[in-house]
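Visitor: data.txt (compact mmCIF, C-alpha atoms) pasted underneath:
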# COMPACT_ATOMS: atom_id res chain seq x y z
CA VAL A 12 -37.09 -2.14 -25.69
CA LYS A 13 -33.47 -3.22 -25.31
CA ASN A 14 -32.57 -6.63 -24.08
CA CYS A 15 -30.95 -5.96 -20.71
CA ASP A 16 -31.30 -9.46 -19.29
CA GLN A 17 -27.72 -10.41 -20.08
CA PHE A 18 -26.47 -7.55 -17.87
CA HIS A 19 -28.62 -8.22 -14.80
CA GLU A 20 -26.03 -10.64 -13.45
CA LEU A 21 -23.23 -8.10 -13.69
CA PHE A 22 -24.30 -5.01 -11.71
CA GLU A 23 -22.97 -6.07 -8.30
CA ALA A 24 -19.63 -7.27 -9.62
CA PHE A 25 -19.35 -4.12 -11.77
CA ALA A 26 -19.85 -1.94 -8.70
CA LEU A 27 -17.20 -3.93 -6.84
CA GLY A 28 -14.81 -3.58 -9.79
CA ALA A 29 -14.65 -7.37 -10.10
CA LEU A 30 -15.77 -7.76 -13.75
CA ASP A 31 -13.28 -9.11 -16.23
CA ALA A 32 -12.50 -6.81 -19.13
CA PRO A 33 -14.92 -8.31 -21.74
CA ASP A 34 -17.92 -8.21 -19.36
CA ARG A 35 -17.00 -4.75 -18.10
CA GLU A 36 -16.59 -3.33 -21.60
CA ALA A 37 -19.89 -4.84 -22.73
CA LEU A 38 -21.75 -3.33 -19.79
CA GLU A 39 -20.05 0.05 -20.21
CA ALA A 40 -20.99 0.08 -23.90
CA HIS A 41 -24.57 -0.74 -22.97
CA LEU A 42 -24.70 2.01 -20.32
CA ALA A 43 -23.31 4.41 -22.93
CA THR A 44 -26.43 3.81 -25.02
CA GLY A 45 -28.35 5.58 -22.23
CA CYS A 46 -30.28 2.65 -20.73
CA LEU A 47 -31.86 4.29 -17.68
CA ASP A 48 -32.98 1.05 -16.03
CA CYS A 49 -29.49 -0.41 -16.03
CA ALA A 50 -27.92 2.93 -14.99
CA LYS A 51 -30.27 3.00 -12.00
CA SER A 52 -29.40 -0.57 -11.03
CA VAL A 53 -25.68 0.21 -11.30
CA GLU A 54 -26.14 3.26 -9.07
CA GLU A 55 -27.90 1.11 -6.47
CA ALA A 56 -25.17 -1.50 -6.58
CA ARG A 57 -22.52 1.22 -6.23
CA GLY A 58 -24.32 2.61 -3.17
CA LEU A 59 -24.21 -0.83 -1.62
CA ALA A 60 -20.56 -1.44 -2.54
CA SER A 61 -19.59 1.93 -1.10
CA GLN A 62 -20.91 0.75 2.29
CA LEU A 63 -18.16 -1.85 2.35
CA ARG A 64 -15.63 0.89 3.05
CA TYR A 65 -16.90 0.86 6.64
CA LEU A 66 -15.57 -2.64 7.04
CA ALA A 67 -11.83 -2.06 7.08
CA PRO A 68 -10.92 1.62 7.07
CA GLU A 69 -7.28 0.83 7.78
CA ALA A 70 -6.78 -2.28 5.66
CA ALA A 71 -3.73 -0.89 3.92
CA PRO A 72 -1.71 -3.39 1.91
CA SER A 73 -4.31 -4.34 -0.71
CA ASP A 74 -2.33 -3.32 -3.81
CA MET A 75 0.84 -4.81 -2.48
CA LEU A 76 -0.89 -8.01 -1.48
CA LYS A 77 -2.56 -8.29 -4.87
CA GLY A 78 0.75 -7.70 -6.63
CA ARG A 79 2.51 -10.37 -4.63
CA LEU A 80 -0.31 -12.85 -4.99
CA MET A 81 -0.56 -12.41 -8.74
CA GLN A 82 3.20 -12.62 -9.14
CA ILE A 83 3.16 -15.98 -7.40
CA VAL A 84 0.23 -17.06 -9.57
CA ARG A 85 2.09 -16.08 -12.75
CA VAL A 86 5.35 -17.76 -11.76
CA GLU A 87 3.49 -20.90 -10.73
CA ALA A 88 1.47 -20.92 -13.95
CA GLN A 89 4.60 -20.59 -16.08
CA SER A 90 6.55 -23.25 -14.24
CA SER A 91 3.65 -25.67 -14.34
CA ARG A 92 3.39 -25.16 -18.10
CA ARG A 93 7.10 -25.68 -18.55
CA PHE A 94 7.55 -28.69 -16.33
CA ALA A 95 4.01 -30.10 -16.43
CA LYS A 96 3.88 -30.73 -12.69
CA PRO A 97 1.47 -33.39 -11.49
CA LYS A 98 -1.93 -31.84 -10.62
CA SER A 99 -2.21 -33.66 -7.32
CA THR A 100 0.13 -31.31 -5.36
CA ILE A 101 -1.39 -28.24 -3.78
CA PRO A 102 0.01 -25.30 -5.73
CA LEU A 103 2.15 -22.82 -3.86
CA TRP A 104 -0.03 -19.85 -4.76
CA MET A 105 -2.97 -21.43 -3.01
CA TRP A 106 -1.09 -21.31 0.26
CA ALA A 107 -0.54 -17.60 -0.34
CA GLY A 108 -4.30 -17.27 -0.83
CA VAL A 109 -4.99 -19.21 2.34
CA ALA A 110 -2.49 -17.08 4.27
CA ALA A 111 -4.05 -13.88 2.91
CA LEU A 112 -7.52 -15.06 3.92
CA LEU A 113 -6.29 -16.02 7.36
CA VAL A 114 -4.82 -12.57 7.82
CA ALA A 115 -8.08 -11.00 6.59
CA THR A 116 -10.16 -13.15 8.93
CA VAL A 117 -8.04 -12.39 11.98
CA TYR A 118 -8.03 -8.73 11.06
CA SER A 119 -11.84 -8.67 10.69
CA ALA A 120 -12.37 -10.27 14.08
CA TRP A 121 -9.91 -7.90 15.72
CA ASN A 122 -11.46 -4.92 13.94
CA ALA A 123 -14.98 -5.89 15.02
CA GLN A 124 -13.84 -6.12 18.64
CA ARG A 125 -12.08 -2.79 18.41
CA LEU A 126 -15.20 -1.16 16.95
CA THR A 127 -17.36 -2.62 19.70
CA ARG A 128 -15.02 -1.19 22.34
CA GLU A 129 -14.96 2.19 20.63
CA ILE A 130 -18.74 2.28 20.48
CA GLN A 131 -19.00 1.44 24.17
CA HIS A 132 -16.51 4.17 24.96
CA ALA A 133 -18.35 6.66 22.75
CA ASP A 134 -21.69 5.76 24.34
CA GLN A 135 -20.22 6.37 27.80
CA THR A 136 -18.80 9.72 26.76
CA ALA A 137 -22.10 10.73 25.19
CA ALA A 138 -23.92 9.78 28.41
CA ALA A 139 -21.44 11.87 30.41
CA ILE A 140 -22.01 14.84 28.11
CA LEU A 141 -25.77 14.54 28.43
CA GLN A 142 -25.43 14.31 32.22
CA HIS A 143 -23.22 17.41 32.21
CA ARG A 144 -25.76 19.22 30.06
CA HIS A 145 -28.57 18.20 32.38
CA GLU A 146 -26.62 19.59 35.35
CA LEU A 147 -26.03 22.84 33.50
CA GLU A 148 -29.74 23.09 32.71
CA THR A 149 -30.61 22.52 36.35
CA GLN A 150 -28.13 25.22 37.36
CA LEU A 151 -29.65 27.58 34.82
CA GLU A 152 -33.17 26.89 36.11
CA ASP A 153 -31.98 27.59 39.67
CA ALA A 154 -30.27 30.81 38.58
CA LYS A 155 -33.44 31.96 36.80
CA ARG A 156 -35.56 31.22 39.86
CA GLU A 157 -33.07 33.02 42.12
CA ALA A 158 -33.13 36.06 39.85
CA SER A 159 -36.95 36.03 39.79
CA ILE A 160 -37.13 35.90 43.60
CA LEU A 161 -34.60 38.73 43.92
CA VAL A 162 -36.40 41.12 41.52
CA ASP A 163 -40.05 40.22 42.22
CA PRO A 164 -41.63 43.12 44.18
CA ALA A 165 -43.85 40.57 45.95
CA SER A 166 -40.75 39.02 47.61
CA VAL A 167 -40.30 39.83 51.29
CA LYS A 168 -36.88 40.99 52.39
CA ILE A 169 -35.52 39.47 55.61
CA ALA A 170 -32.34 40.87 57.21
CA LEU A 171 -30.45 38.37 59.37
CA ALA A 172 -28.26 39.82 62.12
CA SER A 173 -25.62 38.13 64.24
CA PRO A 174 -24.91 38.60 67.96
CA ASP A 175 -21.23 38.54 66.91
CA PRO A 176 -20.32 42.11 65.82
CA GLN A 177 -17.55 40.68 63.57
CA ALA A 178 -19.99 38.58 61.51
CA PRO A 179 -21.37 40.26 58.35
CA PRO A 180 -25.16 40.66 58.08
CA LEU A 181 -27.00 38.29 55.70
CA GLU A 182 -30.05 38.90 53.58
CA ALA A 183 -32.89 36.61 52.53
CA LYS A 184 -35.76 37.18 50.12
CA TRP A 185 -38.85 35.06 50.43
CA ASN A 186 -41.36 34.80 47.63
CA SER A 187 -44.47 32.82 48.59
CA LYS A 188 -44.69 31.29 45.09
CA LEU A 189 -41.01 30.80 44.19
CA GLY A 190 -39.14 30.14 47.44
CA ILE A 191 -36.33 31.63 49.53
CA VAL A 192 -32.98 33.01 48.36
CA LEU A 193 -30.38 33.55 51.08
CA THR A 194 -27.21 35.44 50.16
CA GLY A 195 -24.06 36.32 52.08
CA GLN A 196 -20.65 37.87 51.51
CA LYS A 197 -17.40 37.67 53.48
CA VAL A 198 -18.86 34.91 55.62
CA PRO A 199 -16.11 32.89 57.35
CA ALA A 200 -16.29 29.19 56.43
CA PRO A 201 -17.04 26.82 59.34
CA ALA A 202 -14.09 24.67 60.51
CA GLY A 203 -13.41 21.38 58.69
CA ASP A 204 -16.39 19.88 56.86
CA ARG A 205 -18.94 21.59 59.08
CA VAL A 206 -21.77 23.46 57.37
CA LEU A 207 -24.16 26.34 57.97
CA GLN A 208 -27.81 25.27 58.15
CA LEU A 209 -30.97 27.32 57.66
CA TRP A 210 -33.90 26.88 60.08
CA LEU A 211 -37.48 28.11 59.96
CA ILE A 212 -38.76 29.13 63.40
CA PRO A 213 -42.57 28.59 63.52
CA LYS A 214 -45.00 31.10 65.00
CA THR A 215 -46.71 28.36 67.01
CA PRO A 216 -45.75 28.80 70.66
CA GLY A 217 -43.24 26.10 71.64
CA GLY A 218 -42.87 25.00 67.95
CA LYS A 219 -39.55 23.39 67.17
CA PRO A 220 -37.19 24.86 64.50
CA ILE A 221 -37.85 23.23 61.12
CA PRO A 222 -34.63 22.14 59.33
CA SER A 223 -33.92 23.41 55.82
CA LEU A 224 -30.89 23.29 53.49
CA THR A 225 -27.19 23.49 54.39
CA LEU A 226 -24.42 25.49 52.73
CA ARG A 227 -20.73 26.34 52.77
CA PRO A 228 -19.49 29.74 51.62
CA ASP A 229 -16.89 29.71 48.79
CA ALA A 230 -13.24 30.78 49.15
CA ASP A 231 -14.25 34.47 49.10
CA GLY A 232 -16.92 33.89 51.75
CA LYS A 233 -19.76 34.26 49.24
CA PHE A 234 -22.82 32.04 48.89
CA VAL A 235 -26.28 31.97 47.32
CA LEU A 236 -28.71 29.42 48.74
CA LEU A 237 -31.97 28.65 46.93
CA VAL A 238 -34.78 26.91 48.81
CA SER A 239 -37.31 26.12 46.06
CA ASN A 240 -39.81 24.42 48.34
CA PRO A 241 -39.62 25.91 51.85
CA PRO A 242 -40.78 23.39 54.47
CA GLU A 243 -43.28 25.87 55.96
CA LEU A 244 -45.52 28.75 54.82
CA MET A 245 -44.25 32.31 55.24
CA ALA A 246 -47.38 33.21 57.21
CA ALA A 247 -46.63 30.42 59.73
CA THR A 248 -42.96 31.38 60.12
CA LYS A 249 -41.76 33.77 62.78
CA ALA A 250 -38.09 33.94 61.88
CA LEU A 251 -35.19 32.46 59.91
CA ALA A 252 -32.10 31.29 61.81
CA ILE A 253 -28.70 29.88 60.86
CA THR A 254 -26.55 27.55 62.97
CA GLU A 255 -23.31 25.66 62.44
CA GLU A 256 -23.88 21.91 62.09
CA PRO A 257 -21.93 18.74 61.26
CA PRO A 258 -21.66 17.72 57.55
CA GLY A 259 -25.07 16.86 56.09
CA GLY A 260 -26.95 18.99 58.60
CA SER A 261 -29.05 18.08 61.63
CA LEU A 262 -32.71 17.43 62.39
CA ALA A 263 -32.61 19.80 65.38
CA PRO A 264 -30.07 22.60 65.98
CA THR A 265 -26.97 21.45 67.90
CA THR A 266 -25.41 24.93 68.34
CA PRO A 267 -26.79 28.37 69.21
CA PRO A 268 -27.89 30.47 66.21
CA LEU A 269 -25.19 32.53 64.46
CA TRP A 270 -27.74 34.68 62.60
CA VAL A 271 -31.45 35.38 63.17
CA GLY A 272 -33.90 37.45 61.16
CA GLY A 273 -37.59 38.04 61.87
CA VAL A 274 -40.16 37.47 59.11
CA SER A 275 -42.41 40.52 59.10
CA VAL B 8 -12.53 17.62 30.96
CA LEU B 9 -15.80 17.25 29.07
CA PRO B 10 -16.06 18.63 25.52
CA PRO B 11 -18.46 21.52 25.07
CA VAL B 12 -22.08 20.67 24.42
CA ALA B 13 -21.88 22.40 21.01
CA ALA B 14 -19.56 19.60 19.82
CA MET B 15 -22.40 17.06 19.98
CA PRO B 16 -23.54 16.96 16.30
CA GLN B 17 -20.03 16.13 15.06
CA TYR B 18 -19.78 13.53 17.76
CA GLU B 19 -23.13 11.98 16.81
CA LYS B 20 -21.89 11.64 13.25
CA VAL B 21 -18.75 9.77 14.27
CA LEU B 22 -20.79 7.58 16.58
CA ASP B 23 -23.21 6.86 13.75
CA GLU B 24 -20.40 5.75 11.44
CA LYS B 25 -18.98 3.45 14.09
CA ARG B 26 -22.41 1.89 14.62
CA ARG B 27 -22.83 1.42 10.88
CA ALA B 28 -19.42 -0.25 10.62
CA ALA B 29 -20.28 -2.61 13.46
CA LYS B 30 -23.63 -3.42 11.87
CA LEU B 31 -22.02 -4.11 8.50
CA SER B 32 -19.32 -6.29 10.09
CA ALA B 33 -22.05 -8.35 11.73
CA LEU B 34 -24.00 -8.71 8.46
CA MET B 35 -20.85 -9.71 6.56
CA ALA B 36 -20.04 -12.29 9.22
CA ALA B 37 -23.51 -13.78 8.71
CA LEU B 38 -22.94 -14.46 4.97
CA TYR B 39 -21.83 -17.86 3.71
CA PRO B 40 -18.03 -17.98 4.21
CA GLN B 41 -17.41 -18.43 0.46
CA GLN B 42 -19.59 -15.41 -0.38
CA LYS B 43 -17.81 -13.29 2.22
CA ARG B 44 -14.40 -14.43 1.00
CA ALA B 45 -15.19 -13.70 -2.66
CA ILE B 46 -16.57 -10.22 -1.87
CA GLU B 47 -13.53 -9.39 0.26
CA LEU B 48 -11.12 -10.52 -2.46
CA ALA B 49 -12.98 -8.37 -5.00
CA TYR B 50 -13.34 -5.27 -2.84
CA PHE B 51 -10.22 -5.20 -0.68
CA GLU B 52 -7.77 -7.03 -2.96
CA GLY B 53 -9.16 -5.70 -6.22
CA LEU B 54 -9.30 -9.15 -7.85
CA SER B 55 -11.56 -9.82 -10.83
CA HIS B 56 -13.95 -12.75 -11.25
CA THR B 57 -11.32 -14.77 -13.08
CA GLU B 58 -8.58 -13.92 -10.60
CA ILE B 59 -10.80 -14.88 -7.66
CA ALA B 60 -11.73 -18.15 -9.37
CA ALA B 61 -8.03 -18.86 -9.84
CA ALA B 62 -7.13 -17.87 -6.29
CA LEU B 63 -9.83 -20.07 -4.78
CA ASN B 64 -9.55 -22.85 -7.36
CA GLU B 65 -13.30 -22.72 -8.01
CA PRO B 66 -15.32 -22.56 -11.25
CA LEU B 67 -15.86 -19.04 -12.63
CA GLY B 68 -19.68 -19.33 -12.58
CA THR B 69 -19.62 -20.33 -8.92
CA VAL B 70 -17.54 -17.31 -7.98
CA LYS B 71 -19.90 -15.03 -9.91
CA SER B 72 -22.89 -16.44 -8.02
CA TRP B 73 -21.16 -16.05 -4.65
CA ILE B 74 -20.49 -12.37 -5.25
CA ARG B 75 -23.92 -11.62 -6.67
CA ASN B 76 -25.91 -13.58 -4.07
CA GLY B 77 -23.72 -12.38 -1.21
CA LEU B 78 -24.18 -8.72 -2.08
CA GLN B 79 -27.90 -9.21 -2.62
CA SER B 80 -28.38 -10.76 0.82
CA LEU B 81 -26.31 -7.92 2.27
CA LYS B 82 -28.60 -5.43 0.53
CA GLU B 83 -31.74 -7.13 1.83
CA GLU B 84 -30.40 -7.27 5.38
CA LEU B 85 -29.41 -3.61 5.26
CA GLN B 86 -32.86 -2.64 3.97
CA ALA B 87 -34.54 -4.74 6.64
CA ALA B 88 -32.35 -3.10 9.29
CA SER B 89 -33.05 0.51 8.26
Just give me the structure of the file as structure tokens.
Guide:
Amino acid sequence: VKNCDQFHELFEAFALGALDAPDREALEAHLATGCLDCAKSVEEARGLASQLRYLAPEAAPSDMLKGRLMQIVRVEAQSSRRFAKPKSTIPLWMWAGVAALLVATVYSAWNAQRLTREIQHADQTAAAILQHRHELETQLEDAKREASILVDPASVKIALASPDPQAPPLEAKWNSKLGIVLTGQKVPAPAGDRVLQLWLIPKTPGGKPIPSLTLRPDADGKFVLLVSNPPELMAATKALAITEEPPGGSLAPTTPPLWVGGVS
Amino acid sequence: VLPPVAAMPQYEKVLDEKRRAAKLSALMAALYPQQKRAIELAYFEGLSHTEIAAALNEPLGTVKSWIRNGLQSLKEELQAAS
């Protein structure tokens, strides 16, 4: 068994590249003998040291700074040898060290703040993306349900006609399990922010129209309205009707019906 | 305009690196100031033990301990965090 104890102190500094030449050469010579324990420890220390790169990705002037600092150290060392300056004065190179540390400290604080802001920004963007994705998923679910209602042979077709001969006919399909899909083409948009609203007319004599969803046709006059949970059963509904209402819809119709279709 | 949903994995990676950097900054800030200073001089300025001792006007053995103990606490904190 080799005596590795003398090297245990050196792994971290070796990984940082901070060993002086004699220590570094001794450790390298030892590693070259194939000591697996020490090689493993050095690997671990290197893994740790490599994490430090996250600290200052843009800290550029390290070589330059080192060069300048060491130049000052050398000049100061030579002049102190030559002139034997009194030890009590604070050497010039120390001020360079202090200045360098001050710069590093200010930079670290600034960098930490910047990172915090970037993380907040990134978190917000990620939340927005997830929200967007959720909306897309909801749209996809709706589209699937609409398609199912339209193709299911169990769906009941309801044609809605208008007293106005200019208005195009609309079509609804009602599936007792999936809901109602109402479609229209070339439907003129109501004036301003006003909307079209769907009503369910109950079979009960004297029953009041039950409000459902509102819609606005797109620029081409097209629309697809999905009512996933109709407010009343098909069997209890006599007809579907559509009126024009103020934005947001109404609890009871405020205008005469534009389209009506009987539920057979 | 939102980036496409398919761009998420790349994005997660960047986010992860930023989080790691913030975590490491916090751990470094929690070290003794002398340990932090010695590690920074070694890693960012490329100074050796002797050079750091000269730059800080401290005994060589002290500087060696700062670097070793500082990195070991950093390692323990990182392990505890993960």
Visitor: Which residues of chain A sit at most 9 Å from chain B, using all atoms listed in the file? Give each one's shortest atom pair and distance in Å (one decimal place), in chain and ascending residue order, as a Markdown table.
Guide:
| residue | atom | partner | partner_atom | distance |
| --- | --- | --- | --- | --- |
| A:Glu20 | CA | B:Arg75 | CA | 7.2 |
| A:Leu21 | CA | B:Arg75 | CA | 7.9 |
| A:Phe22 | CA | B:Arg75 | CA | 8.3 |
| A:Glu23 | CA | B:Arg75 | CA | 5.9 |
| A:Ala24 | CA | B:Ile74 | CA | 6.8 |
| A:Leu27 | CA | B:Tyr50 | CA | 5.7 |
| A:Gly28 | CA | B:Gly53 | CA | 7.0 |
| A:Ala29 | CA | B:Ser55 | CA | 4.0 |
| A:Leu30 | CA | B:Ser55 | CA | 5.5 |
| A:Asp31 | CA | B:Ser55 | CA | 5.7 |
| A:Ala32 | CA | B:Ser55 | CA | 8.9 |
| A:Ala56 | CA | B:Leu78 | CA | 8.6 |
| A:Leu59 | CA | B:Lys82 | CA | 6.7 |
| A:Ala60 | CA | B:Leu78 | CA | 8.1 |
| A:Gln62 | CA | B:Leu31 | CA | 8.0 |
| A:Leu63 | CA | B:Leu31 | CA | 7.6 |
| A:Arg64 | CA | B:Ala28 | CA | 8.5 |
| A:Tyr65 | CA | B:Ala28 | CA | 4.8 |
| A:Leu66 | CA | B:Ala28 | CA | 5.8 |
| A:Ala67 | CA | B:Phe51 | CA | 8.5 |
| A:Ala70 | CA | B:Phe51 | CA | 7.8 |
| A:Pro72 | CA | B:Glu52 | CA | 8.6 |
| A:Ser73 | CA | B:Glu52 | CA | 4.9 |
| A:Asp74 | CA | B:Glu52 | CA | 6.6 |
| A:Met75 | CA | B:Glu52 | CA | 8.9 |
| A:Leu76 | CA | B:Glu52 | CA | 7.1 |
| A:Lys77 | CA | B:Glu52 | CA | 5.7 |
| A:Leu80 | CA | B:Ala62 | CA | 8.6 |
| A:Met81 | CA | B:Glu58 | CA | 8.4 |
| A:Val84 | CA | B:Ala62 | CA | 8.1 |
| A:Trp104 | CA | B:Ala62 | CA | 7.5 |
| A:Met105 | CA | B:Ala62 | CA | 6.4 |
| A:Ala107 | CA | B:Ala62 | CA | 8.9 |
| A:Gly108 | CA | B:Ala62 | CA | 6.2 |
| A:Val109 | CA | B:Leu63 | CA | 8.7 |
| A:Leu112 | CA | B:Arg44 | CA | 7.5 |
| A:Ala115 | CA | B:Glu47 | CA | 8.5 |
| A:Ser119 | CA | B:Ser32 | CA | 7.9 |
| A:Ala120 | CA | B:Ser32 | CA | 8.9 |
| A:Asn122 | CA | B:Ser32 | CA | 8.9 |
| A:Ala123 | CA | B:Ala29 | CA | 6.4 |
| A:Gln124 | CA | B:Ala29 | CA | 9.0 |
| A:Leu126 | CA | B:Ala29 | CA | 6.3 |
| A:Thr127 | CA | B:Ala29 | CA | 6.9 |
| A:Glu129 | CA | B:Lys25 | CA | 7.8 |
| A:Ile130 | CA | B:Lys25 | CA | 6.5 |
| A:Ala133 | CA | B:Leu22 | CA | 6.7 |
| A:Asp134 | CA | B:Leu22 | CA | 8.0 |
| A:Thr136 | CA | B:Leu9 | CA | 8.4 |
| A:Ala137 | CA | B:Met15 | CA | 8.2 |
| A:Ala139 | CA | B:Leu9 | CA | 7.9 |
| A:Ile140 | CA | B:Leu9 | CA | 6.7 |
| A:Leu141 | CA | B:Val12 | CA | 8.2 |
| A:His143 | CA | B:Leu9 | CA | 8.1 |
| A:Arg144 | CA | B:Val12 | CA | 6.9 |
Visitor: Between CA of Pro258 in chain A and CA of Asp204 in chain A, what is the distance, to one decimal in Å?
Guide: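 Between CA of Pro258 in chain A and CA of Asp204 in chain A the gap works out to 5.7 Å.
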Visitor: Write out as a PyMOL selection string the residues lying within 12 Å of range 242-252 of chain A, counting all atoms listed in the file and excluding same-chain residues fewer than 4 positions away.
Guide: chain A and resi 166-174+181-193+207-225+238+264+266-275
Visitor: For CA of Glu255 in chain A and CA of Glu157 in chain A, quote the distance in Å rounded to one decimal.
Guide: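 We find that CA of Glu255 in chain A and CA of Glu157 in chain A lie 23.7 Å from each other.
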Visitor: CA of Tyr39 in chain B and CA of Glu54 in chain A are how many Å apart?
Guide: 25.1 Å
Visitor: Give me, as a ChimeraX atom specification, all polymer residues having an atom no more than 12 Å from Pro228 in chain A, counting only C-alpha atoms and skipping those fewer than 6 positions away in the same chain.
Guide: /A:193-202,204-208,234-236
Visitor: Write the selection just made, keeping C-alpha atoms, as a PDB file, keeping the file's coordinate frame?
Guide:
ATOM      1  CA  LEU A 193     -30.380  33.550  51.080  1.00  0.00           C
ATOM      2  CA  THR A 194     -27.210  35.440  50.160  1.00  0.00           C
ATOM      3  CA  GLY A 195     -24.060  36.320  52.080  1.00  0.00           C
ATOM      4  CA  GLN A 196     -20.650  37.870  51.510  1.00  0.00           C
ATOM      5  CA  LYS A 197     -17.400  37.670  53.480  1.00  0.00           C
ATOM      6  CA  VAL A 198     -18.860  34.910  55.620  1.00  0.00           C
ATOM      7  CA  PRO A 199     -16.110  32.890  57.350  1.00  0.00           C
ATOM      8  CA  ALA A 200     -16.290  29.190  56.430  1.00  0.00           C
ATOM      9  CA  PRO A 201     -17.040  26.820  59.340  1.00  0.00           C
ATOM     10  CA  ALA A 202     -14.090  24.670  60.510  1.00  0.00           C
ATOM     11  CA  ASP A 204     -16.390  19.880  56.860  1.00  0.00           C
ATOM     12  CA  ARG A 205     -18.940  21.590  59.080  1.00  0.00           C
ATOM     13  CA  VAL A 206     -21.770  23.460  57.370  1.00  0.00           C
ATOM     14  CA  LEU A 207     -24.160  26.340  57.970  1.00  0.00           C
ATOM     15  CA  GLN A 208     -27.810  25.270  58.150  1.00  0.00           C
ATOM     16  CA  PHE A 234     -22.820  32.040  48.890  1.00  0.00           C
ATOM     17  CA  VAL A 235     -26.280  31.970  47.320  1.00  0.00           C
ATOM     18  CA  LEU A 236     -28.710  29.420  48.740  1.00  0.00           C
TER      19      LEU A 236
END
Visitor: Which one of B:Gln42, B:Leu67, B:Ala60, B:Leu34 sits closest to Ala88 in chain B if you count only C-alpha atoms?
Guide: B:Leu34
Visitor: With N, CA, C and O atoms as the target, complete range 45-57 of chain A and hand it back as a PDB file, in the coordinates of the input.
Guide:
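Below is the file that was written, result_2.pdb:
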ATOM      1  N   GLY A  45     -27.385   4.773 -22.979  1.00  0.00           N
ATOM      2  CA  GLY A  45     -28.350   5.580 -22.230  1.00  0.00           C
ATOM      3  C   GLY A  45     -29.488   4.760 -21.638  1.00  0.00           C
ATOM      4  O   GLY A  45     -30.581   5.284 -21.429  1.00  0.00           O
ATOM      5  N   CYS A  46     -29.244   3.489 -21.339  1.00  0.00           N
ATOM      6  CA  CYS A  46     -30.280   2.650 -20.730  1.00  0.00           C
ATOM      7  C   CYS A  46     -30.492   3.080 -19.269  1.00  0.00           C
ATOM      8  O   CYS A  46     -29.636   2.859 -18.410  1.00  0.00           O
ATOM      9  N   LEU A  47     -31.627   3.713 -19.011  1.00  0.00           N
ATOM     10  CA  LEU A  47     -31.860   4.290 -17.680  1.00  0.00           C
ATOM     11  C   LEU A  47     -32.063   3.219 -16.618  1.00  0.00           C
ATOM     12  O   LEU A  47     -31.617   3.367 -15.481  1.00  0.00           O
ATOM     13  N   ASP A  48     -32.727   2.116 -17.000  1.00  0.00           N
ATOM     14  CA  ASP A  48     -32.980   1.050 -16.030  1.00  0.00           C
ATOM     15  C   ASP A  48     -31.664   0.476 -15.502  1.00  0.00           C
ATOM     16  O   ASP A  48     -31.461   0.328 -14.293  1.00  0.00           O
ATOM     17  N   CYS A  49     -30.760   0.178 -16.438  1.00  0.00           N
ATOM     18  CA  CYS A  49     -29.490  -0.410 -16.030  1.00  0.00           C
ATOM     19  C   CYS A  49     -28.645   0.605 -15.260  1.00  0.00           C
ATOM     20  O   CYS A  49     -27.969   0.252 -14.285  1.00  0.00           O
ATOM     21  N   ALA A  50     -28.686   1.890 -15.687  1.00  0.00           N
ATOM     22  CA  ALA A  50     -27.920   2.930 -14.990  1.00  0.00           C
ATOM     23  C   ALA A  50     -28.386   3.023 -13.533  1.00  0.00           C
ATOM     24  O   ALA A  50     -27.585   3.161 -12.604  1.00  0.00           O
ATOM     25  N   LYS A  51     -29.713   2.920 -13.357  1.00  0.00           N
ATOM     26  CA  LYS A  51     -30.270   3.000 -12.000  1.00  0.00           C
ATOM     27  C   LYS A  51     -29.794   1.807 -11.153  1.00  0.00           C
ATOM     28  O   LYS A  51     -29.375   1.974 -10.008  1.00  0.00           O
ATOM     29  N   SER A  52     -29.837   0.623 -11.763  1.00  0.00           N
ATOM     30  CA  SER A  52     -29.400  -0.570 -11.030  1.00  0.00           C
ATOM     31  C   SER A  52     -27.928  -0.477 -10.661  1.00  0.00           C
ATOM     32  O   SER A  52     -27.522  -0.877  -9.573  1.00  0.00           O
ATOM     33  N   VAL A  53     -27.114   0.059 -11.577  1.00  0.00           N
ATOM     34  CA  VAL A  53     -25.680   0.210 -11.300  1.00  0.00           C
ATOM     35  C   VAL A  53     -25.480   1.191 -10.151  1.00  0.00           C
ATOM     36  O   VAL A  53     -24.657   0.959  -9.252  1.00  0.00           O
ATOM     37  N   GLU A  54     -26.246   2.275 -10.157  1.00  0.00           N
ATOM     38  CA  GLU A  54     -26.140   3.260  -9.070  1.00  0.00           C
ATOM     39  C   GLU A  54     -26.441   2.606  -7.720  1.00  0.00           C
ATOM     40  O   GLU A  54     -25.742   2.817  -6.739  1.00  0.00           O
ATOM     41  N   GLU A  55     -27.523   1.805  -7.710  1.00  0.00           N
ATOM     42  CA  GLU A  55     -27.900   1.110  -6.470  1.00  0.00           C
ATOM     43  C   GLU A  55     -26.780   0.198  -5.991  1.00  0.00           C
ATOM     44  O   GLU A  55     -26.417   0.182  -4.826  1.00  0.00           O
ATOM     45  N   ALA A  56     -26.232  -0.554  -6.942  1.00  0.00           N
ATOM     46  CA  ALA A  56     -25.170  -1.500  -6.580  1.00  0.00           C
ATOM     47  C   ALA A  56     -23.940  -0.746  -6.085  1.00  0.00           C
ATOM     48  O   ALA A  56     -23.277  -1.176  -5.140  1.00  0.00           O
ATOM     49  N   ARG A  57     -23.671   0.426  -6.681  1.00  0.00           N
ATOM     50  CA  ARG A  57     -22.520   1.220  -6.230  1.00  0.00           C
ATOM     51  C   ARG A  57     -22.749   1.727  -4.804  1.00  0.00           C
ATOM     52  O   ARG A  57     -21.827   1.768  -3.995  1.00  0.00           O
TER      53      ARG A  57
END
